[in-house]
Structures are given as C-alpha cells and as structure tokens.
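Peer 1: Have a look at this one before I ask anything.
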2 protein chains.
Amino acid sequence: MKTGVIGLGAMGAPMARNLRRAGHLACVWNRSPDKAAQLRDELDVTAATDPADLARQCKLIILSVSADADVLAVVDAILPGVQPGTIVLDTSTVSRATAQQAAARLEQSATFLDAPVSGGIEGAHKGTLVMMVGGDAEMLARIRPVLGSIAARVEHMGPVGTGQATKAINQVMAAGINQAVSEALAFAEALELPLDKIIEVLGSGAAGNWFLTHRGPTMTQGKYEPGFRVALHHKDLAICKQMAEQFDVALPVVEMTLIHYRRLMEAGFGDEDISALLREKRAMFEK
Amino acid sequence: MKTGVIGLGAMGAPMARNLRRAGHLACVWNRSPDKAAQLRDELDVTAATDPADLARQCKLIILSVSADADVLAVVDAILPGVQPGTIVLDTSTVSRATAQQAAARLEQSATFLDAPVSGGIEGAHKGTLVMMVGGDAEMLARIRPVLGSIAARVEHMGPVGTGQATKAINQVMAAGINQAVSEALAFAEALELPLDKIIEVLGSGAAGNWFLTHRGPTMTQGKYEPGFRVALHHKDLAICKQMAEQFDVALPVVEMTLIHYRRLMEAGFGDEDISALLREKRAMFEK
C-alpha cells in the first residue's frame with residue numbers, strides 16, 4: 001500500500017525507514033524541508049512539495065508530529081489532495097478531543113485513526129512499538145500488514161479517540177509508578193539500606209513493577225539517560241490534566257507529577273529520563 | 001531447634017502450624033489463653049503459662065504481635081526466662097526504632113532479629129512468606145533451616161532495624177502503585193474504555209506492575225476481597241510517616257494514601273483489600 005509519512009522527527013524518521021525496508025514507503029514530507037530531502041536521498045522515495053502533494057500520492061498517510069495544533073494543521077493541509085479511500089493514521093500523542101476533531105474534518109474524504117504509540121525512540125528504531133488505535137476496525141484490519149513493519153503490537157481500543165484515551169491512561173499510571181519508586185528509593189537511601197538488595201527483594205513481591213526492575217539500578221547510581229524524557233511526559237500529563245478537567249476532576253497523581261516535572265525542567269533536567277524524579281524526592285531529605 | 005511462638009493471630013497461628021509440621025515447634029503463648037489452648041490441643045505442644053515460661057523451654061522465640069508497644073511488652077515479659085544463646089525473631093511490622101529498643105533490652109540475654117514478612121495470610125498458610133531480616137547474620141544463618149518451614153525467601157538486609165526499614169520501603173512503594181493503578185483505572189472508566197483490554201495492554205509495557213495484573217481484574221468488577229487489608233496498610237503507613245518525620249520529611253505518596261485509607265475506614269471499608277482505593281478515585285468522577 002502506497003504510504004506517506006508526515007513529520008520526520010525522532011519517531012517519524014525511524015518509522016519511515018522501517019516502512020521503506022518493508023517496501024511500503026512512497027513519499028515523505030516535513031515542515032523543515034531539509035529533513036525530508038535527506039530521507040528522500042537516503043531511502044530513494046519522493047519528497048512531497050506540501051501535505052496535499054503527499055496526499056495525492058498515498059493511500060495511507062501516517063502522521064508523527066508534536067502538538068495538538070500541528071495535527072489539525074496537517075489535516076487541513078492534506079485535505080485538498082486526499083484521494084477516496086485514504087486512511088490517515090496519527091501516531092502523535094495528543095488529546096482525545098483533537099483526534100475527534102481531526103476525524104470530523106476528514107469525514108467526507110478519508111478515514112481517520114488515532115494511533116499513539118509507546119516504546120519510545122528505541123521502539124521506533126526496532127519496529128517494536130505498541131500502538132493503541134481508535135477508529136474503524138475494518139479499516140485498521142486493512143493496514144495491519146503495513147503497521148507490522150513499525151509496531152510489534154497493534155491494539156484496537158474502540159471508536160476514534162480511544163487510542164489517545166488509552167495512551168493517557170498509560171501516562172497517568174506511569175507517573176504514579178514513578179512517584180512510588182522514586183519516593184521509596186529516596187526513603188531507602190535516607191535509611192541507608194542496601195539499594196541493590198531493596199530493588200531485588202521488593203521487585204519480586206506485590207510491589208514489583210517494570211520501572212523498578214529496569215530503571216531502579218540506574219537511578220540508584222544517579223544516572224538518568226532517556227528512556228523517556230521528563231519534558232515529553234510533562235507534555236503528555238498536561239493533556240491528561242486537560243482531559244480530566246472535562247469531568248471537573250483534578251487527578252492527584254497527575255497534578256503532583258506535573259509540579260515535580262516542571263521543577264526538574266526549570267532546573268535544566270527536562271531532557272533526562274523521567275526517573276530523574278528521584279532528584280526531587282532526594283532533595284526532601286537534604287538539609 | 002526448640003521453637004516457641006508468641007502471638008497466635010491470623011499470621012502467628014499458621015506459622016506455628018508450619019513449624020510443627022517441620023518438627024520445630026515446642027511451645028506457644030497468646031495474650032488471650034483460649035487460642036493457645038486450642039493450638040496446644042491441635043498440635044500436641046505445650047501452652048506456656050506466661051512468656052517467661054515459654055522462654056525457659058525454647059532456644060528460638062518467634063513473635064507475631066500487632067503493635068510497637070506489644071513487641072516491647074513481650075520482650076520485657078520473656079526476659080526473666082531467657083536462656084543463654086536464645087534468639088528472639090520478631091515477625092511483626094513495627095518501626096525501626098522499636099526493633100532497636102527491643103534489641104537493646106535483650107542485649108545481655110539474647111540475640112534479637114527484626115524479621116517482618118510480606119506475602120500476607122496466604123503466604124503464612126502456605127509457608128511462602130518473604131522475610132526481611134535485620135540483625136546478626138551468623139545467628140540468622142543458624143536458624144535458616146527452621147525459617148525454611150515458614151518462608152520461601154529469607155533476606156538479610158543489615159544490622160537490627162533494617163528488616164523493619166525494608167518493610168517500610170515496600171509499604172511506601174505498594175501505596176504509590178495502588179495510587180497509580182486506581183487513579184488510572186478510575187480515569188479509564190470515566191473515559192468509557194474497555195478495562196480488560198487496558199489492563200492487558202498497559203500491563204505488558206513500561207507501566208506494567210504486579211498489582212495491575214493481579215488486582216486490576218477484580219477491581220474493575222468492584223470486588224475488593226483481601227488480599228491485604230486497608231486498615232493494616234494504614235497502620236504500616238503510619239509507621240512510615242513516623243519514620244520519615246525523624247528526617248523532618250513528609251512523604252507525599254504516604255500522606256495522600258493515609259488520608260484516602262482513613263476515609264475508606266471511616267466509611268466501613270477498612271477490612272477490604274487495599275485495591276478498594278478505587279472507590280475513592282471513582283468518587284472524584286461522580287457528581
């Protein structure tokens with residue numbers, strides 16, 4: 001299936017490479033044209049002159065952009081070129097409302113699927129992302145062979161917006177677990193306990209979790225290489241906060257973590273892994 | 001090794017049974033004598049007239065009581081009967097300071113080991129507890145064969161008090177994970193997502209954790225059978241709060257969870273599993 005990628009950043013570029021390897025990629029476009037020209041040369045594909053130009057050449061359009069406004073701007077920009085039967089799959093992490101708006105704007109021309117991913121840059125390079133998809137199940141079934149080259153797991157969650165909603169739930173849970181692990185490890189440090197043994201013993205019990213096992217050993221050495229950047233999780237949690245506000249609810253774990261992350265970003269640690277939250281918890285014990 | 005058990009409650013009684021099965025149990029004592037008489041008849045062992053009487057008959061004294069004051073009271077009560085070379089192993093969850101005080105009071109007469117357990121009532125019955133031990137490593141090595149009949153894993157953490165400190169860290173982490181999972185699942189419910197699928201998809205990723213996988217499926221059905229009781233976790237977190245206050249620190253996850261648990265207890269849910277925290281998170285979304 002002739003596939004185009006719009007947005008060739010840290011996630012979009014490796015996805016484009018994996019699509020090319022599997023023989024699906026026809027065309028790329030990026031807001032700053034140098035990145036598109038580079039991938040055009042590297043992968044021997046077309047670089048579109050604008051999003052509508054890309055839309056004219058592709059039946060599957062994959063988006064990987066940064067923010068809610070970018071998704072809607074790109075959707076508007078492809079509209080003049082969209083062919084009947086086209087599928088637009090958005091892998092960006094944005095709000096549920098943005099997904100629903102994008103689908104509404106495309107309704108007469110194309111099928112929109114919201115498909116945020118987890119697995120990070122490493123997953124994008126390896127083609128092992130987990131994709132949470134909202135939208136028409138039948139249309140998703142048609143493009144599963146293509147998506148198999150970028151994702152290890154593609155889960156259909158329900159109608160348009162449920163992909164983004166699922167990603168939001170994942171980010172809330174990840175924030176809470178980060179709070180749990182970093183608060184516990186900072187306390188263990190203050191109590192002068194053997195941290196390696198703590199990670200091993202607690203990891204095998206009812207408090208066991210992926211984050212403790214995979215990030216605990218580097219956290220206790222004060223190493224916070226991403227992984228998943230503080231600034232990105234902050235962005236995602238801001239979306240969660242906004243989604244919860246639609247129910248007139250402030251989620252305590254989300255609110256608390258947003259404050260901690262903002263403090264980390266202000267101190268220059270926004271590009272570190274989210275496990276750098278340990279810095280904030282440690283600071284409580286320093287006088 | 002002639003072993004006695006003091007405190008025959010929900011944890012102590014099944015531990016006594018497992019010790020008897022392995023041929024170690026000589027004597028029991030309990031504050032209310034009917035429980036002791038019952039186990040004496042069931043297990044064909046001696047019921048001591050008082051803690052000192054038990055101490056005269058045993059080289060290993062295992063405590064399983066409720067609160068900090070109980071541990072110190074029992075230690076004072078065994079003192080008149082303690083034989084040279086006796087080991088006192090306290091499986092209760094109390095503060096680090098209480099463990100250190102108990103060790104100091106026994107110093108001239110016996111070796112004290114603090115050995116709180118995780119694995120709950122089920123682990124006590126099956127003999128599969130995880131035991132976190134503080135105190136003399138050599139003395140612990142001597143009684144490992146006996147402890148093998150009640151625990152699947154016995155970890156030496158350091159000097160007296162480190163067993164209790166490790167348990168405290170475990171309870172802090174468990175509180176944070178409960179916050180993470182219940183906040184995320186309540187939000188997912190409000191967003192009308194398919195909860196079974198959420199548990200499956202998120203459980204396999206970077207937010208994956210034991211609690212989500214093992215409690216998630218019952219939580220989403222509104223079932224909160226213990227497991228681990230709210231009132232007990234509340235008691236343990238109160239100990240954590242007190243231990244943190246010695247550093248002039250209020251731990252946010254601990255403070256927040258204490259408030260939630262107190263609300264649950266006041267509403268009559270103290271005997272439910274800690275996953276009943278979902279009740280509090282759900283209530284935020286109800287108007």
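Note on naming: chains are A, B, ... as they come in the structure tokens, residues start from 1 per chain, ligands start from 1 in the order shown.
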With 6 Å as the limit and counting only C-alpha atoms, what residues in chain A lie close to chain B? Please list them as an mmCIF file with N, CA and C atoms, in the first residue's frame.

Peer 2:
data_model
loop_
_atom_site.group_PDB
_atom_site.id
_atom_site.type_symbol
_atom_site.label_atom_id
_atom_site.label_comp_id
_atom_site.auth_asym_id
_atom_site.auth_seq_id
_atom_site.Cartn_x
_atom_site.Cartn_y
_atom_site.Cartn_z
ATOM 1 N N ILE A 169 -4.215 7.089 29.805
ATOM 2 C CA ILE A 169 -4.272 6.204 30.983
ATOM 3 C C ILE A 169 -2.884 5.631 31.269
ATOM 4 N N VAL A 172 -0.762 8.292 32.937
ATOM 5 C CA VAL A 172 -1.143 8.509 34.342
ATOM 6 C C VAL A 172 -0.533 7.402 35.204
ATOM 7 N N MET A 173 -0.688 6.163 34.740
ATOM 8 C CA MET A 173 -0.154 5.042 35.523
ATOM 9 C C MET A 173 1.363 5.131 35.632
ATOM 10 N N ALA A 174 2.030 5.480 34.541
ATOM 11 C CA ALA A 174 3.494 5.600 34.555
ATOM 12 C C ALA A 174 3.941 6.689 35.529
ATOM 13 N N GLY A 176 2.343 7.647 38.293
ATOM 14 C CA GLY A 176 2.147 7.139 39.649
ATOM 15 C C GLY A 176 3.228 6.148 40.044
ATOM 16 N N ILE A 177 3.609 5.308 39.108
ATOM 17 C CA ILE A 177 4.649 4.320 39.417
ATOM 18 C C ILE A 177 5.992 5.007 39.618
ATOM 19 N N ALA A 180 5.894 6.302 43.060
ATOM 20 C CA ALA A 180 6.038 5.197 44.021
ATOM 21 C C ALA A 180 7.499 4.782 44.151
ATOM 22 N N VAL A 181 8.139 4.546 43.010
ATOM 23 C CA VAL A 181 9.500 4.009 43.022
ATOM 24 C C VAL A 181 10.489 5.055 43.516
ATOM 25 N N ALA A 184 10.040 5.776 47.315
ATOM 26 C CA ALA A 184 10.512 4.630 48.104
ATOM 27 C C ALA A 184 12.041 4.547 48.089
ATOM 28 N N ALA A 206 4.729 -8.113 45.857
ATOM 29 C CA ALA A 206 3.486 -7.466 45.438
ATOM 30 C C ALA A 206 3.685 -6.010 45.037
ATOM 31 N N ALA A 207 4.863 -5.423 45.357
ATOM 32 C CA ALA A 207 5.162 -4.060 44.910
ATOM 33 C C ALA A 207 6.010 -4.078 43.633
ATOM 34 N N GLY A 208 6.224 -5.254 43.078
ATOM 35 C CA GLY A 208 7.063 -5.398 41.884
ATOM 36 C C GLY A 208 6.496 -4.673 40.674
ATOM 37 N N ASN A 209 7.378 -4.089 39.867
ATOM 38 C CA ASN A 209 6.945 -3.369 38.660
ATOM 39 C C ASN A 209 8.108 -3.223 37.689
ATOM 40 N N TRP A 210 7.762 -3.042 36.410
ATOM 41 C CA TRP A 210 8.750 -2.945 35.331
ATOM 42 C C TRP A 210 9.740 -1.822 35.606
#

Peer 1: Where does DSSP see alpha helix (DSSP H) in range 45-257 of chain A, if you list the residues as a ChimeraX atom specification?

Peer 2: /A:51-57,68-78,96-106,120-126,137-147,162-190,195-203,210-219,230-245,252-257

Peer 1: Applying 6 Å and only C-alpha atoms, which residues near Ile6 in chain B remain after dropping the ones on its own chain fewer than 3 positions away? List them as a PyMOL selection string.

Peer 2: chain B and resi 28-30+63

Peer 1: For each of A:Ala238, A:Ala102, A:Val74, A:Leu140, take the minimum atom-to-atom distance to Leu54 in chain A, counting only C-alpha atoms, then give the residue where this is smallest.

Peer 2: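 Under the stated criterion, the closest residue is A:Val74.
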
Peer 1: Quote the spacing between CA of Ser95 in chain B and CA of Ile239 in chain B in Å to one decimal place.

Peer 2: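 CA of Ile239 in chain B lies 5.8 Å from CA of Ser95 in chain B.
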
Peer 1: Near Leu43 in chain B, within 8 Å and counting only C-alpha atoms, which residues show up once chain neighbours fewer than 4 positions away are dropped, as an MDAnalysis selection string?

Peer 2: chainID B and resid 17 20 39
